[in-house]
Amino acid sequence: MAAGATGRDGPAGDRTGRQESPEERADRRWSDLLQEVRVAQTGSQVLFGFLLSVVFMPRFAQLEQFDRNLYVVTVVLGALATGSLAAPVSYHRLFAGRRLKPQLVTAAARLVAIGLVLLALTIGSALLLLLREATDGAAAAWIAGAVMAYFAACWLLLPMVHLRRHNGRCRRPKG
């Protein structure tokens, strides 16, 4: 692109982002957020539904007290994850027509981030519970810990490394 020319990123060499109004930006971010949450929300709902059925299995009565407590923690984490990932729907209903879409997107994005952390913890504790029954206790903890480390790498570390590589920093742009 010629010097002084403008493009998708603004003037050449100036990475200012898209040329969109605050309303257009909020609409785009809301649409992006909805696409992201559909994936996570479906997974959390399926996992939570499965967890609810476990207590009614005959083998549940034979679990050690630690495993029963771990089950309760897992179910509560699953409920919290599902609630956090479904919360943007409630926000949208309450904010609709009030010209608060940027605030809606910001609040919903925070709840989705919390929901993803809770979903990861739910998966980790469910995996620990399952592996405690399938293997010896020490192996279960190491395997579940390794899976959680993998989640942290995929969901946090790799995106942050990618951001640093492409932006020279790891901060969110304003707006």
# chains A, B, ... in the order shown; residues from 1 in each chain; ligands from 1
>>> residues_around(residues="segment 109-113 of chain A", least_positions_apart="6", cutoff="9 Å", atoms="only C-alpha atoms", output="PyMOL selection string")
chain A and resi 30+33+36-37+40+81+84-88
>>> closest_residue(among="A:Glu24, A:Leu129, A:Asp136, A:Ala146", to="Phe60 of chain A", atoms="only C-alpha atoms")
A:Leu129
>>> select_by_dssp(residues="segment 18-158 of chain A", states="alpha helix (DSSP H)", output="PyMOL selection string")
chain A and resi 22-54+65-95+101-134+137-152+158
>>> residues_around(residues="segment 63-74 of chain A", least_positions_apart="2", cutoff="7 Å", atoms="only C-alpha atoms", output="ChimeraX atom specification")
/A:60-61,76-78,122,125-126,129
>>> write_last_selection(atoms="N, CA, C and O atoms", output="PDB file, in the first residue's frame")
ATOM      1  N   PHE A  60     -23.185 -45.107  42.782  1.00  0.00           N
ATOM      2  CA  PHE A  60     -22.921 -43.866  43.505  1.00  0.00           C
ATOM      3  C   PHE A  60     -22.910 -44.091  45.012  1.00  0.00           C
ATOM      4  O   PHE A  60     -22.087 -43.504  45.722  1.00  0.00           O
ATOM      5  N   ALA A  61     -23.780 -44.926  45.532  1.00  0.00           N
ATOM      6  CA  ALA A  61     -23.863 -45.191  46.972  1.00  0.00           C
ATOM      7  C   ALA A  61     -22.584 -45.816  47.519  1.00  0.00           C
ATOM      8  O   ALA A  61     -22.314 -45.726  48.718  1.00  0.00           O
ATOM      9  N   VAL A  76     -21.854 -28.411  41.423  1.00  0.00           N
ATOM     10  CA  VAL A  76     -22.009 -26.977  41.691  1.00  0.00           C
ATOM     11  C   VAL A  76     -21.225 -26.167  40.662  1.00  0.00           C
ATOM     12  O   VAL A  76     -21.731 -25.169  40.123  1.00  0.00           O
ATOM     13  N   LEU A  77     -19.993 -26.577  40.364  1.00  0.00           N
ATOM     14  CA  LEU A  77     -19.211 -25.890  39.333  1.00  0.00           C
ATOM     15  C   LEU A  77     -19.933 -25.940  37.984  1.00  0.00           C
ATOM     16  O   LEU A  77     -19.979 -24.940  37.257  1.00  0.00           O
ATOM     17  N   GLY A  78     -20.509 -27.088  37.655  1.00  0.00           N
ATOM     18  CA  GLY A  78     -21.249 -27.229  36.398  1.00  0.00           C
ATOM     19  C   GLY A  78     -22.458 -26.308  36.346  1.00  0.00           C
ATOM     20  O   GLY A  78     -22.753 -25.701  35.309  1.00  0.00           O
ATOM     21  N   THR A 122     -15.004 -27.478  36.031  1.00  0.00           N
ATOM     22  CA  THR A 122     -15.981 -28.577  36.036  1.00  0.00           C
ATOM     23  C   THR A 122     -15.417 -29.791  35.324  1.00  0.00           C
ATOM     24  O   THR A 122     -15.506 -30.919  35.832  1.00  0.00           O
ATOM     25  N   SER A 125     -12.621 -31.335  37.497  1.00  0.00           N
ATOM     26  CA  SER A 125     -13.087 -32.084  38.671  1.00  0.00           C
ATOM     27  C   SER A 125     -13.872 -33.328  38.260  1.00  0.00           C
ATOM     28  O   SER A 125     -13.775 -34.372  38.916  1.00  0.00           O
ATOM     29  N   ALA A 126     -14.626 -33.254  37.156  1.00  0.00           N
ATOM     30  CA  ALA A 126     -15.323 -34.448  36.658  1.00  0.00           C
ATOM     31  C   ALA A 126     -14.313 -35.502  36.208  1.00  0.00           C
ATOM     32  O   ALA A 126     -14.480 -36.701  36.479  1.00  0.00           O
ATOM     33  N   LEU A 129     -12.805 -37.105  39.290  1.00  0.00           N
ATOM     34  CA  LEU A 129     -13.748 -38.055  39.866  1.00  0.00           C
ATOM     35  C   LEU A 129     -13.777 -39.358  39.066  1.00  0.00           C
ATOM     36  O   LEU A 129     -13.681 -40.447  39.633  1.00  0.00           O
TER      37      LEU A 129
END
